[in-house]
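Since the structure comes first, as structure tokens, the remarks are kept for the end.
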Amino acid sequence: MAYSLVSVSAIDVVKEAKENNLIASLGHLEKGSYGQEVIDLQNWLKTNKYYKGEIDGYFGVDTETALKMFEKDNNTFSGGKISIPTKLSMVEKKYKK
């Protein structure tokens, strides 16, 4: 991974590493899941303009729909569940700005 000294600060690098660790550490999540991992997922989806619902820690229809939209945009089809290919696409998205 290469960073341009002009466009990315050390704070940005640390922030991205933290966000990517959250995404990379997500376990198996699907509709009906709940907890902090779902909150992390919802925050990531909201930050990337896929999720418009409330951050409530419940993986419901809105979270599933947002994840499916992300999967469609990134050619990663896991049926609205967190899978390894989906997580990899989410981590890679940070570097395609």
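Residue numbering restarts at 1 for every chain of the structure tokens, chains are lettered A, B, ... in their displayed order, and ligands are numbered from 1 as they appear.
Residues surrounding Glu37 in chain A within 9 Å are Leu22, Ile23, Ser25, Leu26, Gly27, Leu29, Ser33, Tyr34, Asp40, Leu41, Gln42 and Gly57 of chain A [only C-alpha atoms; sequence separation below 3 positions excluded].
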Keeping only N, CA, C and O atoms, write those residues as an mmCIF file, in the first residue's frame.
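Listing of out.cif after writing:
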data_model
loop_
_atom_site.group_PDB
_atom_site.id
_atom_site.type_symbol
_atom_site.label_atom_id
_atom_site.label_comp_id
_atom_site.auth_asym_id
_atom_site.auth_seq_id
_atom_site.Cartn_x
_atom_site.Cartn_y
_atom_site.Cartn_z
ATOM 1 N N LEU A 22 -11.530 -2.782 12.167
ATOM 2 C CA LEU A 22 -12.913 -3.047 12.570
ATOM 3 C C LEU A 22 -13.618 -3.892 11.522
ATOM 4 O O LEU A 22 -14.297 -4.858 11.852
ATOM 5 N N ILE A 23 -13.459 -3.530 10.263
ATOM 6 C CA ILE A 23 -14.103 -4.274 9.183
ATOM 7 C C ILE A 23 -13.512 -5.676 9.071
ATOM 8 O O ILE A 23 -14.229 -6.664 8.980
ATOM 9 N N SER A 25 -12.172 -7.467 11.255
ATOM 10 C CA SER A 25 -12.453 -8.325 12.406
ATOM 11 C C SER A 25 -13.927 -8.719 12.526
ATOM 12 O O SER A 25 -14.288 -9.483 13.416
ATOM 13 N N LEU A 26 -14.763 -8.211 11.631
ATOM 14 C CA LEU A 26 -16.177 -8.573 11.705
ATOM 15 C C LEU A 26 -16.347 -10.077 11.545
ATOM 16 O O LEU A 26 -15.733 -10.688 10.679
ATOM 17 N N GLY A 27 -17.175 -10.642 12.379
ATOM 18 C CA GLY A 27 -17.470 -12.063 12.277
ATOM 19 C C GLY A 27 -18.591 -12.302 11.281
ATOM 20 O O GLY A 27 -18.903 -11.454 10.450
ATOM 21 N N LEU A 29 -21.948 -12.081 10.082
ATOM 22 C CA LEU A 29 -23.116 -11.242 10.364
ATOM 23 C C LEU A 29 -24.130 -11.439 9.259
ATOM 24 O O LEU A 29 -23.790 -11.507 8.082
ATOM 25 N N SER A 33 -28.670 -10.619 13.251
ATOM 26 C CA SER A 33 -27.528 -10.406 14.145
ATOM 27 C C SER A 33 -27.691 -9.079 14.876
ATOM 28 O O SER A 33 -28.378 -8.173 14.396
ATOM 29 N N TYR A 34 -27.034 -8.964 16.019
ATOM 30 C CA TYR A 34 -27.076 -7.710 16.755
ATOM 31 C C TYR A 34 -25.818 -7.564 17.592
ATOM 32 O O TYR A 34 -25.116 -8.539 17.849
ATOM 33 N N ASP A 40 -20.625 -1.328 14.177
ATOM 34 C CA ASP A 40 -19.443 -0.998 13.364
ATOM 35 C C ASP A 40 -19.776 -1.089 11.875
ATOM 36 O O ASP A 40 -19.393 -0.216 11.092
ATOM 37 N N LEU A 41 -20.491 -2.130 11.485
ATOM 38 C CA LEU A 41 -20.897 -2.297 10.090
ATOM 39 C C LEU A 41 -21.812 -1.161 9.651
ATOM 40 O O LEU A 41 -21.614 -0.559 8.593
ATOM 41 N N GLN A 42 -22.816 -0.850 10.466
ATOM 42 C CA GLN A 42 -23.751 0.225 10.111
ATOM 43 C C GLN A 42 -23.025 1.559 9.983
ATOM 44 O O GLN A 42 -23.304 2.335 9.059
ATOM 45 N N GLY A 57 -27.514 -1.220 16.038
ATOM 46 C CA GLY A 57 -26.883 -2.482 16.376
ATOM 47 C C GLY A 57 -27.683 -3.712 15.995
ATOM 48 O O GLY A 57 -27.311 -4.831 16.340
#
Which residues are close to range 76-82 of chain A, i.e. within 9 Å by only C-alpha atoms, leaving aside same-chain residues fewer than 6 positions away? Reply as a PDB file with C-alpha atoms, in the first residue's frame.
ATOM      1  CA  LEU A  26     -16.177  -8.573  11.705  1.00  0.00           C
ATOM      2  CA  GLY A  27     -17.470 -12.063  12.277  1.00  0.00           C
ATOM      3  CA  HIS A  28     -20.328 -13.798  10.515  1.00  0.00           C
ATOM      4  CA  LEU A  29     -23.116 -11.242  10.364  1.00  0.00           C
ATOM      5  CA  GLU A  30     -26.469 -11.598   8.702  1.00  0.00           C
ATOM      6  CA  LYS A  31     -30.062 -10.514   9.108  1.00  0.00           C
ATOM      7  CA  THR A  63     -28.723  -2.998   7.001  1.00  0.00           C
ATOM      8  CA  GLU A  64     -29.180  -5.967   4.680  1.00  0.00           C
ATOM      9  CA  THR A  65     -30.329  -3.699   1.830  1.00  0.00           C
ATOM     10  CA  ALA A  66     -27.368  -1.347   2.349  1.00  0.00           C
ATOM     11  CA  LEU A  67     -24.914  -4.245   2.349  1.00  0.00           C
ATOM     12  CA  LYS A  68     -26.480  -5.679  -0.816  1.00  0.00           C
ATOM     13  CA  MET A  69     -26.112  -2.278  -2.520  1.00  0.00           C
ATOM     14  CA  PHE A  70     -22.435  -2.208  -1.548  1.00  0.00           C
ATOM     15  CA  SER A  89     -13.951  -5.220  -0.834  1.00  0.00           C
TER      16      SER A  89
END
Open item on the list: Need the shell around Ile55 in chain A: protein/DNA/RNA residues with any atom at most 9 Å away, counting only C-alpha atoms. Skip same-chain ones fewer than 2 positions apart. Format as a PyMOL selection string?
Closed with: chain A and resi 38-40+42-43+46+52-53+57-58
What would the file look like if the residues just selected were written as an mmCIF file, in the first residue's frame with N, CA and C atoms?
data_model
loop_
_atom_site.group_PDB
_atom_site.id
_atom_site.type_symbol
_atom_site.label_atom_id
_atom_site.label_comp_id
_atom_site.auth_asym_id
_atom_site.auth_seq_id
_atom_site.Cartn_x
_atom_site.Cartn_y
_atom_site.Cartn_z
ATOM 1 N N VAL A 38 -22.378 -5.146 14.556
ATOM 2 C CA VAL A 38 -23.395 -4.597 13.649
ATOM 3 C C VAL A 38 -23.332 -3.074 13.681
ATOM 4 N N ILE A 39 -23.094 -2.495 14.851
ATOM 5 C CA ILE A 39 -22.929 -1.034 14.950
ATOM 6 C C ILE A 39 -21.743 -0.598 14.094
ATOM 7 N N ASP A 40 -20.625 -1.328 14.177
ATOM 8 C CA ASP A 40 -19.443 -0.998 13.364
ATOM 9 C C ASP A 40 -19.776 -1.089 11.875
ATOM 10 N N GLN A 42 -22.816 -0.850 10.466
ATOM 11 C CA GLN A 42 -23.751 0.225 10.111
ATOM 12 C C GLN A 42 -23.025 1.559 9.983
ATOM 13 N N ASN A 43 -22.098 1.836 10.882
ATOM 14 C CA ASN A 43 -21.326 3.085 10.795
ATOM 15 C C ASN A 43 -20.513 3.127 9.512
ATOM 16 N N LYS A 46 -22.851 3.666 6.614
ATOM 17 C CA LYS A 46 -23.369 5.041 6.631
ATOM 18 C C LYS A 46 -22.287 6.012 6.145
ATOM 19 N N LYS A 52 -28.836 4.417 5.420
ATOM 20 C CA LYS A 52 -29.491 5.662 5.801
ATOM 21 C C LYS A 52 -30.318 5.509 7.077
ATOM 22 N N GLY A 53 -30.303 4.321 7.640
ATOM 23 C CA GLY A 53 -31.108 4.045 8.826
ATOM 24 C C GLY A 53 -30.442 4.497 10.109
ATOM 25 N N GLY A 57 -27.514 -1.220 16.038
ATOM 26 C CA GLY A 57 -26.883 -2.482 16.376
ATOM 27 C C GLY A 57 -27.683 -3.712 15.995
ATOM 28 N N TYR A 58 -28.766 -3.521 15.263
ATOM 29 C CA TYR A 58 -29.589 -4.646 14.818
ATOM 30 C C TYR A 58 -29.484 -4.779 13.312
#
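Here CA of Met90 in chain A is placed at a distance of 12.7 Å from CA of Lys49 in chain A.
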